[in-house]
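Here is coords.cif, consisting of mmCIF, N, CA and C atoms:
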data_target
#
loop_
_atom_site.label_atom_id
_atom_site.label_comp_id
_atom_site.auth_asym_id
_atom_site.auth_seq_id
_atom_site.Cartn_x
_atom_site.Cartn_y
_atom_site.Cartn_z
N MET S 1 0.84 -1.18 0.00
CA MET S 1 0.00 0.00 0.00
C MET S 1 0.89 1.24 0.00
N ALA S 2 0.67 2.11 -0.94
CA ALA S 2 1.47 3.33 -1.05
C ALA S 2 1.04 4.32 0.02
N SER S 3 2.01 4.99 0.59
CA SER S 3 1.69 5.99 1.60
C SER S 3 1.73 7.37 0.96
N THR S 4 1.05 8.30 1.60
CA THR S 4 1.05 9.68 1.12
C THR S 4 2.40 10.31 1.43
N PRO S 5 3.00 11.04 0.48
CA PRO S 5 4.28 11.69 0.76
C PRO S 5 4.17 12.65 1.95
N LEU S 6 5.26 12.78 2.69
CA LEU S 6 5.31 13.69 3.83
C LEU S 6 5.20 15.14 3.39
N ALA S 7 5.73 15.43 2.21
CA ALA S 7 5.75 16.81 1.70
C ALA S 7 6.03 16.77 0.21
N SER S 8 5.78 17.89 -0.44
CA SER S 8 6.16 18.04 -1.85
C SER S 8 7.11 19.22 -1.96
N VAL S 9 8.14 19.05 -2.78
CA VAL S 9 9.19 20.05 -2.92
C VAL S 9 9.35 20.41 -4.39
N LEU S 10 9.44 21.70 -4.66
CA LEU S 10 9.68 22.21 -6.01
C LEU S 10 11.01 22.96 -6.00
N PHE S 11 11.93 22.54 -6.88
CA PHE S 11 13.21 23.22 -7.05
C PHE S 11 13.12 24.08 -8.30
N VAL S 12 13.53 25.34 -8.17
CA VAL S 12 13.42 26.28 -9.30
C VAL S 12 14.76 26.96 -9.53
N CYS S 13 15.26 26.89 -10.77
CA CYS S 13 16.39 27.72 -11.18
C CYS S 13 16.05 28.26 -12.57
N VAL S 14 16.90 29.09 -13.10
CA VAL S 14 16.56 29.78 -14.34
C VAL S 14 16.31 28.80 -15.48
N HIS S 15 17.27 27.92 -15.77
CA HIS S 15 17.16 27.05 -16.94
C HIS S 15 16.66 25.65 -16.64
N ASN S 16 16.52 25.30 -15.35
CA ASN S 16 16.09 23.95 -14.95
C ASN S 16 16.96 22.91 -15.65
N ALA S 17 18.25 23.20 -15.73
CA ALA S 17 19.17 22.32 -16.46
C ALA S 17 20.35 21.87 -15.61
N GLY S 18 20.54 22.44 -14.43
CA GLY S 18 21.70 22.10 -13.61
C GLY S 18 21.34 21.94 -12.15
N ARG S 19 21.36 23.06 -11.42
CA ARG S 19 21.15 23.02 -9.96
C ARG S 19 19.85 22.35 -9.57
N SER S 20 18.74 22.79 -10.17
CA SER S 20 17.44 22.24 -9.77
C SER S 20 17.31 20.77 -10.15
N GLN S 21 17.92 20.38 -11.27
CA GLN S 21 17.87 18.97 -11.68
C GLN S 21 18.72 18.11 -10.74
N MET S 22 19.89 18.61 -10.33
CA MET S 22 20.71 17.85 -9.39
C MET S 22 20.00 17.73 -8.04
N ALA S 23 19.38 18.83 -7.59
CA ALA S 23 18.66 18.80 -6.32
C ALA S 23 17.49 17.81 -6.37
N ALA S 24 16.74 17.84 -7.45
CA ALA S 24 15.61 16.91 -7.60
C ALA S 24 16.11 15.46 -7.63
N GLY S 25 17.21 15.24 -8.33
CA GLY S 25 17.78 13.90 -8.41
C GLY S 25 18.21 13.38 -7.05
N PHE S 26 18.90 14.22 -6.29
CA PHE S 26 19.34 13.82 -4.94
C PHE S 26 18.14 13.56 -4.03
N LEU S 27 17.15 14.45 -4.06
CA LEU S 27 16.00 14.29 -3.16
C LEU S 27 15.24 13.01 -3.49
N SER S 28 15.02 12.74 -4.76
CA SER S 28 14.34 11.50 -5.15
C SER S 28 15.15 10.28 -4.72
N HIS S 29 16.46 10.36 -4.91
CA HIS S 29 17.36 9.25 -4.59
C HIS S 29 17.40 8.99 -3.08
N LEU S 30 17.51 10.05 -2.29
CA LEU S 30 17.71 9.91 -0.85
C LEU S 30 16.40 9.74 -0.07
N ALA S 31 15.30 10.31 -0.55
CA ALA S 31 14.04 10.25 0.19
C ALA S 31 13.07 9.23 -0.39
N GLY S 32 13.32 8.78 -1.62
CA GLY S 32 12.40 7.82 -2.24
C GLY S 32 11.01 8.42 -2.38
N ASP S 33 10.00 7.59 -2.07
CA ASP S 33 8.61 8.03 -2.23
C ASP S 33 8.11 8.89 -1.07
N ARG S 34 8.95 9.07 -0.05
CA ARG S 34 8.49 9.82 1.13
C ARG S 34 8.25 11.29 0.82
N ILE S 35 8.93 11.81 -0.19
CA ILE S 35 8.79 13.22 -0.55
C ILE S 35 8.56 13.33 -2.04
N GLU S 36 7.51 14.07 -2.41
CA GLU S 36 7.20 14.30 -3.83
C GLU S 36 8.14 15.39 -4.36
N VAL S 37 8.73 15.17 -5.53
CA VAL S 37 9.76 16.06 -6.05
C VAL S 37 9.35 16.62 -7.41
N ARG S 38 9.53 17.93 -7.55
CA ARG S 38 9.32 18.62 -8.84
C ARG S 38 10.50 19.56 -9.08
N SER S 39 10.74 19.89 -10.34
CA SER S 39 11.70 20.94 -10.66
C SER S 39 11.20 21.69 -11.88
N ALA S 40 11.62 22.95 -11.98
CA ALA S 40 11.18 23.79 -13.10
C ALA S 40 12.13 24.96 -13.24
N GLY S 41 11.99 25.67 -14.36
CA GLY S 41 12.83 26.83 -14.62
C GLY S 41 12.02 28.00 -15.10
N SER S 42 12.47 29.21 -14.77
CA SER S 42 11.77 30.41 -15.23
C SER S 42 11.97 30.60 -16.73
N VAL S 43 13.13 30.17 -17.25
CA VAL S 43 13.42 30.19 -18.69
C VAL S 43 14.12 28.87 -18.99
N PRO S 44 13.35 27.77 -19.14
CA PRO S 44 13.97 26.44 -19.26
C PRO S 44 14.90 26.31 -20.46
N GLY S 45 15.98 25.57 -20.25
CA GLY S 45 16.93 25.30 -21.31
C GLY S 45 16.43 24.19 -22.22
N ASP S 46 17.27 23.80 -23.18
CA ASP S 46 16.92 22.75 -24.13
C ASP S 46 17.18 21.35 -23.58
N GLN S 47 18.18 21.25 -22.69
CA GLN S 47 18.55 19.94 -22.16
C GLN S 47 19.23 20.13 -20.81
N VAL S 48 19.31 19.03 -20.06
CA VAL S 48 20.01 19.08 -18.78
C VAL S 48 21.51 19.16 -19.07
N ASN S 49 22.21 19.96 -18.28
CA ASN S 49 23.64 20.18 -18.42
C ASN S 49 24.39 18.83 -18.37
N PRO S 50 25.13 18.48 -19.42
CA PRO S 50 25.84 17.19 -19.45
C PRO S 50 26.83 17.02 -18.29
N ALA S 51 27.46 18.09 -17.85
CA ALA S 51 28.39 18.00 -16.71
C ALA S 51 27.62 17.68 -15.43
N ALA S 52 26.40 18.21 -15.29
CA ALA S 52 25.56 17.89 -14.12
C ALA S 52 25.16 16.42 -14.16
N VAL S 53 24.79 15.92 -15.32
CA VAL S 53 24.44 14.50 -15.48
C VAL S 53 25.62 13.63 -15.08
N GLU S 54 26.80 13.97 -15.57
CA GLU S 54 28.01 13.20 -15.28
C GLU S 54 28.36 13.24 -13.79
N ALA S 55 28.27 14.43 -13.19
CA ALA S 55 28.58 14.58 -11.76
C ALA S 55 27.63 13.75 -10.89
N MET S 56 26.37 13.70 -11.27
CA MET S 56 25.39 12.93 -10.50
C MET S 56 25.61 11.43 -10.66
N LYS S 57 26.05 11.01 -11.85
CA LYS S 57 26.35 9.59 -12.09
C LYS S 57 27.39 9.08 -11.12
N GLU S 58 28.33 9.94 -10.72
CA GLU S 58 29.37 9.56 -9.78
C GLU S 58 28.80 9.14 -8.42
N PHE S 59 27.57 9.58 -8.12
CA PHE S 59 26.88 9.20 -6.88
C PHE S 59 25.83 8.12 -7.15
N GLY S 60 25.79 7.61 -8.37
CA GLY S 60 24.80 6.60 -8.70
C GLY S 60 23.40 7.15 -8.90
N VAL S 61 23.31 8.44 -9.21
CA VAL S 61 22.01 9.08 -9.44
C VAL S 61 21.93 9.45 -10.93
N ASP S 62 20.96 8.87 -11.63
CA ASP S 62 20.82 9.07 -13.07
C ASP S 62 19.77 10.14 -13.36
N ILE S 63 20.22 11.30 -13.82
CA ILE S 63 19.28 12.36 -14.21
C ILE S 63 19.32 12.56 -15.73
N SER S 64 19.87 11.59 -16.46
CA SER S 64 20.05 11.74 -17.91
C SER S 64 18.73 11.82 -18.67
N SER S 65 17.65 11.27 -18.12
CA SER S 65 16.37 11.32 -18.83
C SER S 65 15.53 12.53 -18.43
N ALA S 66 16.02 13.35 -17.49
CA ALA S 66 15.28 14.54 -17.06
C ALA S 66 15.23 15.57 -18.18
N LYS S 67 14.13 16.30 -18.23
CA LYS S 67 13.95 17.35 -19.24
C LYS S 67 13.61 18.66 -18.53
N PRO S 68 14.23 19.77 -18.93
CA PRO S 68 13.86 21.06 -18.35
C PRO S 68 12.38 21.37 -18.58
N LYS S 69 11.73 21.88 -17.54
CA LYS S 69 10.31 22.21 -17.60
C LYS S 69 10.10 23.66 -17.21
N VAL S 70 9.04 24.26 -17.75
CA VAL S 70 8.73 25.65 -17.43
C VAL S 70 8.04 25.74 -16.07
N LEU S 71 8.39 26.77 -15.33
CA LEU S 71 7.78 27.03 -14.03
C LEU S 71 6.33 27.47 -14.24
N THR S 72 5.42 26.80 -13.53
CA THR S 72 4.01 27.18 -13.61
C THR S 72 3.49 27.54 -12.22
N THR S 73 2.47 28.36 -12.20
CA THR S 73 1.82 28.72 -10.94
C THR S 73 1.27 27.46 -10.27
N GLU S 74 0.75 26.53 -11.06
CA GLU S 74 0.19 25.29 -10.52
C GLU S 74 1.24 24.47 -9.79
N ALA S 75 2.46 24.42 -10.32
CA ALA S 75 3.53 23.66 -9.67
C ALA S 75 3.86 24.26 -8.31
N VAL S 76 3.86 25.59 -8.23
CA VAL S 76 4.13 26.25 -6.96
C VAL S 76 2.98 25.97 -5.98
N GLN S 77 1.75 26.11 -6.43
CA GLN S 77 0.59 25.89 -5.57
C GLN S 77 0.55 24.45 -5.04
N ALA S 78 1.02 23.49 -5.82
CA ALA S 78 0.96 22.08 -5.44
C ALA S 78 2.12 21.67 -4.53
N SER S 79 3.03 22.58 -4.22
CA SER S 79 4.23 22.24 -3.45
C SER S 79 4.19 22.83 -2.05
N ASP S 80 4.70 22.08 -1.09
CA ASP S 80 4.81 22.57 0.29
C ASP S 80 6.06 23.43 0.46
N TYR S 81 7.13 23.03 -0.23
CA TYR S 81 8.42 23.73 -0.17
C TYR S 81 8.76 24.20 -1.57
N VAL S 82 9.17 25.45 -1.69
CA VAL S 82 9.62 26.00 -2.97
C VAL S 82 11.04 26.51 -2.72
N ILE S 83 11.99 25.89 -3.40
CA ILE S 83 13.40 26.23 -3.21
C ILE S 83 13.93 26.84 -4.49
N THR S 84 14.28 28.13 -4.40
CA THR S 84 14.80 28.82 -5.57
C THR S 84 16.32 28.83 -5.53
N MET S 85 16.91 28.87 -6.71
CA MET S 85 18.36 28.83 -6.86
C MET S 85 18.75 29.86 -7.90
N GLY S 86 18.56 31.12 -7.58
CA GLY S 86 18.99 32.16 -8.49
C GLY S 86 17.89 32.78 -9.33
N CYS S 87 16.61 32.53 -9.00
CA CYS S 87 15.53 33.17 -9.77
C CYS S 87 14.38 33.53 -8.86
N GLY S 88 14.66 33.86 -7.62
CA GLY S 88 13.62 34.12 -6.63
C GLY S 88 12.56 35.10 -7.06
N ASP S 89 12.95 36.13 -7.80
CA ASP S 89 11.97 37.14 -8.20
C ASP S 89 11.00 36.63 -9.25
N ALA S 90 11.32 35.55 -9.94
CA ALA S 90 10.43 35.03 -10.98
C ALA S 90 9.42 34.03 -10.44
N CYS S 91 9.53 33.68 -9.17
CA CYS S 91 8.70 32.64 -8.60
C CYS S 91 7.49 33.25 -7.89
N PRO S 92 6.27 32.81 -8.26
CA PRO S 92 5.10 33.35 -7.57
C PRO S 92 5.09 32.93 -6.10
N VAL S 93 4.57 33.80 -5.25
CA VAL S 93 4.56 33.54 -3.81
C VAL S 93 3.12 33.34 -3.36
N PHE S 94 2.90 32.25 -2.61
CA PHE S 94 1.59 31.95 -2.07
C PHE S 94 1.70 31.74 -0.57
N PRO S 95 0.70 32.15 0.19
CA PRO S 95 0.75 31.95 1.64
C PRO S 95 0.77 30.46 1.99
N GLY S 96 1.40 30.14 3.10
CA GLY S 96 1.40 28.77 3.59
C GLY S 96 2.48 27.88 3.02
N LYS S 97 3.31 28.40 2.14
CA LYS S 97 4.40 27.62 1.55
C LYS S 97 5.69 27.94 2.28
N HIS S 98 6.60 27.00 2.29
CA HIS S 98 7.94 27.24 2.83
C HIS S 98 8.82 27.66 1.65
N TYR S 99 9.34 28.88 1.69
CA TYR S 99 10.22 29.37 0.62
C TYR S 99 11.65 29.42 1.13
N LEU S 100 12.56 28.84 0.38
CA LEU S 100 13.98 28.88 0.69
C LEU S 100 14.71 29.34 -0.56
N ASP S 101 15.76 30.13 -0.37
CA ASP S 101 16.58 30.52 -1.52
C ASP S 101 17.99 30.02 -1.26
N TRP S 102 18.44 29.09 -2.08
CA TRP S 102 19.77 28.52 -1.95
C TRP S 102 20.69 29.24 -2.92
N ALA S 103 21.63 30.00 -2.39
CA ALA S 103 22.60 30.71 -3.22
C ALA S 103 23.67 29.71 -3.65
N LEU S 104 23.54 29.22 -4.85
CA LEU S 104 24.48 28.24 -5.41
C LEU S 104 24.99 28.74 -6.75
N GLU S 105 26.25 28.51 -7.00
CA GLU S 105 26.84 28.90 -8.29
C GLU S 105 26.15 28.14 -9.42
N ASP S 106 25.94 28.83 -10.53
CA ASP S 106 25.31 28.21 -11.70
C ASP S 106 26.34 27.35 -12.43
N PRO S 107 26.05 26.05 -12.63
CA PRO S 107 27.00 25.18 -13.32
C PRO S 107 27.00 25.33 -14.84
N ALA S 108 26.15 26.19 -15.39
CA ALA S 108 26.07 26.34 -16.85
C ALA S 108 27.42 26.68 -17.44
N GLY S 109 27.81 25.94 -18.47
CA GLY S 109 29.05 26.20 -19.18
C GLY S 109 30.31 25.75 -18.47
N LYS S 110 30.16 25.09 -17.32
CA LYS S 110 31.33 24.65 -16.55
C LYS S 110 31.58 23.16 -16.79
N GLY S 111 32.82 22.77 -16.63
CA GLY S 111 33.20 21.37 -16.76
C GLY S 111 32.94 20.62 -15.47
N ILE S 112 33.12 19.31 -15.52
CA ILE S 112 32.84 18.43 -14.38
C ILE S 112 33.61 18.83 -13.13
N GLU S 113 34.86 19.27 -13.27
CA GLU S 113 35.67 19.66 -12.10
C GLU S 113 35.02 20.83 -11.35
N SER S 114 34.39 21.74 -12.07
CA SER S 114 33.73 22.89 -11.45
C SER S 114 32.33 22.55 -10.96
N VAL S 115 31.71 21.54 -11.54
CA VAL S 115 30.35 21.16 -11.16
C VAL S 115 30.34 20.32 -9.89
N ARG S 116 31.39 19.53 -9.66
CA ARG S 116 31.42 18.66 -8.48
C ARG S 116 31.19 19.40 -7.16
N PRO S 117 31.89 20.54 -6.90
CA PRO S 117 31.66 21.24 -5.63
C PRO S 117 30.22 21.75 -5.50
N ILE S 118 29.61 22.16 -6.60
CA ILE S 118 28.21 22.62 -6.58
C ILE S 118 27.31 21.44 -6.23
N ARG S 119 27.56 20.31 -6.87
CA ARG S 119 26.82 19.08 -6.58
C ARG S 119 26.93 18.71 -5.10
N ASP S 120 28.13 18.81 -4.55
CA ASP S 120 28.34 18.44 -3.15
C ASP S 120 27.60 19.39 -2.20
N GLN S 121 27.57 20.68 -2.54
CA GLN S 121 26.80 21.65 -1.74
C GLN S 121 25.32 21.31 -1.78
N ILE S 122 24.83 20.95 -2.96
CA ILE S 122 23.42 20.59 -3.11
C ILE S 122 23.09 19.36 -2.27
N ARG S 123 23.94 18.34 -2.33
CA ARG S 123 23.68 17.12 -1.54
C ARG S 123 23.59 17.45 -0.05
N THR S 124 24.50 18.26 0.45
CA THR S 124 24.48 18.64 1.87
C THR S 124 23.16 19.35 2.22
N ARG S 125 22.73 20.25 1.36
CA ARG S 125 21.47 20.97 1.61
C ARG S 125 20.27 20.04 1.54
N ILE S 126 20.30 19.08 0.61
CA ILE S 126 19.21 18.11 0.48
C ILE S 126 19.12 17.26 1.75
N GLU S 127 20.26 16.82 2.26
CA GLU S 127 20.25 16.01 3.49
C GLU S 127 19.63 16.81 4.64
N GLY S 128 19.96 18.10 4.74
CA GLY S 128 19.37 18.96 5.77
C GLY S 128 17.87 19.15 5.57
N LEU S 129 17.46 19.31 4.31
CA LEU S 129 16.04 19.48 3.99
C LEU S 129 15.25 18.24 4.40
N ILE S 130 15.77 17.06 4.08
CA ILE S 130 15.09 15.81 4.45
C ILE S 130 14.95 15.73 5.98
N ALA S 131 16.00 16.08 6.70
CA ALA S 131 15.95 16.06 8.18
C ALA S 131 14.89 17.03 8.68
N ASP S 132 14.80 18.22 8.08
CA ASP S 132 13.79 19.21 8.48
C ASP S 132 12.38 18.68 8.23
N ILE S 133 12.15 18.13 7.05
CA ILE S 133 10.83 17.60 6.71
C ILE S 133 10.46 16.46 7.65
N ASP S 134 11.41 15.56 7.89
CA ASP S 134 11.15 14.43 8.81
C ASP S 134 10.79 14.95 10.20
N SER S 135 11.53 15.93 10.71
CA SER S 135 11.29 16.42 12.07
C SER S 135 9.92 17.13 12.18
N GLN S 136 9.50 17.80 11.12
CA GLN S 136 8.20 18.49 11.12
C GLN S 136 7.04 17.51 11.02
N ASN S 137 7.31 16.30 10.55
CA ASN S 137 6.23 15.32 10.36
C ASN S 137 6.18 14.28 11.47
N GLN S 138 7.00 14.44 12.49
CA GLN S 138 6.95 13.52 13.62
C GLN S 138 5.96 14.07 14.64
N ALA S 139 5.01 13.25 15.00
CA ALA S 139 3.97 13.69 15.94
C ALA S 139 4.40 13.49 17.37
#

Same coordinates, now as structure tokens:
Amino acid sequence: MASTPLASVLFVCVHNAGRSQMAAGFLSHLAGDRIEVRSAGSVPGDQVNPAAVEAMKEFGVDISSAKPKVLTTEAVQASDYVITMGCGDACPVFPGKHYLDWALEDPAGKGIESVRPIRDQIRTRIEGLIADIDSQNQA
């Protein structure tokens, strides 16, 4: 029997091709079905950054089939947590949502050596987010 997710999280960056895709990949990988995961971009790119795909593969997380998606009001409304990564002003704000802005370097145009530290920062933040969601859902 499937259980209802503890929370839903939307990751938003400009192109939905690097940071938000890595964050969504880590959250899905580490939390499984416990947390519903979405990602979107204010100006989505054509494809996920190949260096981001490669960096995530090193952790056994495959985001190669992910596609950049446009940010919609509906996606924000359907999410408990909205985490922006460099496009906070483009994201609609609704009462009752948890908004976080993660200041992370944009991996666009960077090679794998430069993307790895960004990936590692994202993983650390995802682990903290999961702990926060778990602690808020314990009765």

Which of these, S:His29, S:Arg34, S:His15, S:His98, has the shortest distance to S:Met56 once you count only C-alpha atoms?
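Of S:His29, S:Arg34, S:His15, S:His98, the one nearest S:Met56 is S:His29, counting only C-alpha atoms.
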
Compile the contact shell of stretch 103-106 of chain S as a list in words: residues with an atom at most 8 Å away, counting only C-alpha atoms, same-chain residues fewer than 2 positions apart removed.
Gly18, Arg19, Met85, Gly86, Asp101, Ala108, Ile118 and Gln121 of chain S

Please measure the separation of atom CA of S:Ala31 and atom CA of S:Glu58, giving the value in Å to one decimal.
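Rounded to one decimal, the two atoms are 18.3 Å apart.
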
Rank S:Val37, S:Val48, S:Leu30, S:Val93 by their smallest atom-to-atom distance to S:Pro107, using only C-alpha atoms, and report the top residue only.
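Result for the nearest residue to S:Pro107: S:Val48.
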
Explicit residues for the PyMOL selection byres ((chain S and resi 78-84) around 6.5) (as an MDAnalysis selection string)
chainID S and resid 7:13 73:77 85:88 96:103

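Using only N, CA and C atoms for every distance, the candidate list S:Val53, S:Pro92, S:Glu127, S:Arg116 yields S:Val53 as the residue closest to S:Ser65.
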
Using all atoms listed in the file for the distances, tell me which of S:Asp33, S:Val115, S:Asn16, S:Cys91 is nearest to S:Pro68.
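Closest to S:Pro68, using all atoms listed in the file: S:Asn16.
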
For a quick check of understanding, using only C-alpha atoms, which of S:Val70, S:Ser135, S:Phe59, S:Ala51 has the smallest distance to S:Val14?
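Closest to S:Val14, using only C-alpha atoms: S:Val70.
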
Taking the chain letters and numbering used in this document, name the residues of chain S that DSSP puts in alpha helix (DSSP H), as a ChimeraX atom specification.
/S:19-31,50-57,73-77,112-136

Give me a file of those residues, with N, CA and C atoms, as a compact mmCIF listing (two decimals), keeping the file's coordinate frame.
# COMPACT_ATOMS: atom_id res chain seq x y z
N ARG S 19 21.36 23.06 -11.42
CA ARG S 19 21.15 23.02 -9.96
C ARG S 19 19.85 22.35 -9.57
N SER S 20 18.74 22.79 -10.17
CA SER S 20 17.44 22.24 -9.77
C SER S 20 17.31 20.77 -10.15
N GLN S 21 17.92 20.38 -11.27
CA GLN S 21 17.87 18.97 -11.68
C GLN S 21 18.72 18.11 -10.74
N MET S 22 19.89 18.61 -10.33
CA MET S 22 20.71 17.85 -9.39
C MET S 22 20.00 17.73 -8.04
N ALA S 23 19.38 18.83 -7.59
CA ALA S 23 18.66 18.80 -6.32
C ALA S 23 17.49 17.81 -6.37
N ALA S 24 16.74 17.84 -7.45
CA ALA S 24 15.61 16.91 -7.60
C ALA S 24 16.11 15.46 -7.63
N GLY S 25 17.21 15.24 -8.33
CA GLY S 25 17.78 13.90 -8.41
C GLY S 25 18.21 13.38 -7.05
N PHE S 26 18.90 14.22 -6.29
CA PHE S 26 19.34 13.82 -4.94
C PHE S 26 18.14 13.56 -4.03
N LEU S 27 17.15 14.45 -4.06
CA LEU S 27 16.00 14.29 -3.16
C LEU S 27 15.24 13.01 -3.49
N SER S 28 15.02 12.74 -4.76
CA SER S 28 14.34 11.50 -5.15
C SER S 28 15.15 10.28 -4.72
N HIS S 29 16.46 10.36 -4.91
CA HIS S 29 17.36 9.25 -4.59
C HIS S 29 17.40 8.99 -3.08
N LEU S 30 17.51 10.05 -2.29
CA LEU S 30 17.71 9.91 -0.85
C LEU S 30 16.40 9.74 -0.07
N ALA S 31 15.30 10.31 -0.55
CA ALA S 31 14.04 10.25 0.19
C ALA S 31 13.07 9.23 -0.39
N PRO S 50 25.13 18.48 -19.42
CA PRO S 50 25.84 17.19 -19.45
C PRO S 50 26.83 17.02 -18.29
N ALA S 51 27.46 18.09 -17.85
CA ALA S 51 28.39 18.00 -16.71
C ALA S 51 27.62 17.68 -15.43
N ALA S 52 26.40 18.21 -15.29
CA ALA S 52 25.56 17.89 -14.12
C ALA S 52 25.16 16.42 -14.16
N VAL S 53 24.79 15.92 -15.32
CA VAL S 53 24.44 14.50 -15.48
C VAL S 53 25.62 13.63 -15.08
N GLU S 54 26.80 13.97 -15.57
CA GLU S 54 28.01 13.20 -15.28
C GLU S 54 28.36 13.24 -13.79
N ALA S 55 28.27 14.43 -13.19
CA ALA S 55 28.58 14.58 -11.76
C ALA S 55 27.63 13.75 -10.89
N MET S 56 26.37 13.70 -11.27
CA MET S 56 25.39 12.93 -10.50
C MET S 56 25.61 11.43 -10.66
N LYS S 57 26.05 11.01 -11.85
CA LYS S 57 26.35 9.59 -12.09
C LYS S 57 27.39 9.08 -11.12
N THR S 73 2.47 28.36 -12.20
CA THR S 73 1.82 28.72 -10.94
C THR S 73 1.27 27.46 -10.27
N GLU S 74 0.75 26.53 -11.06
CA GLU S 74 0.19 25.29 -10.52
C GLU S 74 1.24 24.47 -9.79
N ALA S 75 2.46 24.42 -10.32
CA ALA S 75 3.53 23.66 -9.67
C ALA S 75 3.86 24.26 -8.31
N VAL S 76 3.86 25.59 -8.23
CA VAL S 76 4.13 26.25 -6.96
C VAL S 76 2.98 25.97 -5.98
N GLN S 77 1.75 26.11 -6.43
CA GLN S 77 0.59 25.89 -5.57
C GLN S 77 0.55 24.45 -5.04
N ILE S 112 33.12 19.31 -15.52
CA ILE S 112 32.84 18.43 -14.38
C ILE S 112 33.61 18.83 -13.13
N GLU S 113 34.86 19.27 -13.27
CA GLU S 113 35.67 19.66 -12.10
C GLU S 113 35.02 20.83 -11.35
N SER S 114 34.39 21.74 -12.07
CA SER S 114 33.73 22.89 -11.45
C SER S 114 32.33 22.55 -10.96
N VAL S 115 31.71 21.54 -11.54
CA VAL S 115 30.35 21.16 -11.16
C VAL S 115 30.34 20.32 -9.89
N ARG S 116 31.39 19.53 -9.66
CA ARG S 116 31.42 18.66 -8.48
C ARG S 116 31.19 19.40 -7.16
N PRO S 117 31.89 20.54 -6.90
CA PRO S 117 31.66 21.24 -5.63
C PRO S 117 30.22 21.75 -5.50
N ILE S 118 29.61 22.16 -6.60
CA ILE S 118 28.21 22.62 -6.58
C ILE S 118 27.31 21.44 -6.23
N ARG S 119 27.56 20.31 -6.87
CA ARG S 119 26.82 19.08 -6.58
C ARG S 119 26.93 18.71 -5.10
N ASP S 120 28.13 18.81 -4.55
CA ASP S 120 28.34 18.44 -3.15
C ASP S 120 27.60 19.39 -2.20
N GLN S 121 27.57 20.68 -2.54
CA GLN S 121 26.80 21.65 -1.74
C GLN S 121 25.32 21.31 -1.78
N ILE S 122 24.83 20.95 -2.96
CA ILE S 122 23.42 20.59 -3.11
C ILE S 122 23.09 19.36 -2.27
N ARG S 123 23.94 18.34 -2.33
CA ARG S 123 23.68 17.12 -1.54
C ARG S 123 23.59 17.45 -0.05
N THR S 124 24.50 18.26 0.45
CA THR S 124 24.48 18.64 1.87
C THR S 124 23.16 19.35 2.22
N ARG S 125 22.73 20.25 1.36
CA ARG S 125 21.47 20.97 1.61
C ARG S 125 20.27 20.04 1.54
N ILE S 126 20.30 19.08 0.61
CA ILE S 126 19.21 18.11 0.48
C ILE S 126 19.12 17.26 1.75
N GLU S 127 20.26 16.82 2.26
CA GLU S 127 20.25 16.01 3.49
C GLU S 127 19.63 16.81 4.64
N GLY S 128 19.96 18.10 4.74
CA GLY S 128 19.37 18.96 5.77
C GLY S 128 17.87 19.15 5.57
N LEU S 129 17.46 19.31 4.31
CA LEU S 129 16.04 19.48 3.99
C LEU S 129 15.25 18.24 4.40
N ILE S 130 15.77 17.06 4.08
CA ILE S 130 15.09 15.81 4.45
C ILE S 130 14.95 15.73 5.98
N ALA S 131 16.00 16.08 6.70
CA ALA S 131 15.95 16.06 8.18
C ALA S 131 14.89 17.03 8.68
N ASP S 132 14.80 18.22 8.08
CA ASP S 132 13.79 19.21 8.48
C ASP S 132 12.38 18.68 8.23
N ILE S 133 12.15 18.13 7.05
CA ILE S 133 10.83 17.60 6.71
C ILE S 133 10.46 16.46 7.65
N ASP S 134 11.41 15.56 7.89
CA ASP S 134 11.15 14.43 8.81
C ASP S 134 10.79 14.95 10.20
N SER S 135 11.53 15.93 10.71
CA SER S 135 11.29 16.42 12.07
C SER S 135 9.92 17.13 12.18
N GLN S 136 9.50 17.80 11.12
CA GLN S 136 8.20 18.49 11.12
C GLN S 136 7.04 17.51 11.02

Between atom N of S:Ala52 and atom N of S:Ser114, what is the spacing in Å?
9.3 Å

How many Å lie between atom CA of S:Asn49 and atom CA of S:Arg125, rounded to one decimal?
20.2 Å

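All residues of chain S that DSSP, run on the backbone, classes as strand (DSSP E) are Ala7, Ser8, Val9, Leu10, Phe11, Val12, Cys13, Ile35, Glu36, Val37, Arg38, Ser39, Ala40, Gly41, Tyr81, Val82, Ile83, Thr84, His98, Tyr99, Leu100 and Asp101 of chain S.
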
Care to translate the PyMOL selection byres ((chain S and resi 63) around 8) into actual residues of this file, as a list in words?
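This file gives the following for the PyMOL selection byres ((chain S and resi 63) around 8): Gln21, Met22, Ala24, Gly25, Val48, Ala52, Val53, Glu54, Met56, Lys57, Gly60, Val61, Asp62, Ser64, Ser65, Ala66 and Lys67 of chain S.
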
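Between S:Glu113 and the candidates S:Gly32, S:Ala55, S:Gln138, S:Arg38, the tightest atom-to-atom separation, counting only C-alpha atoms, involves S:Ala55.
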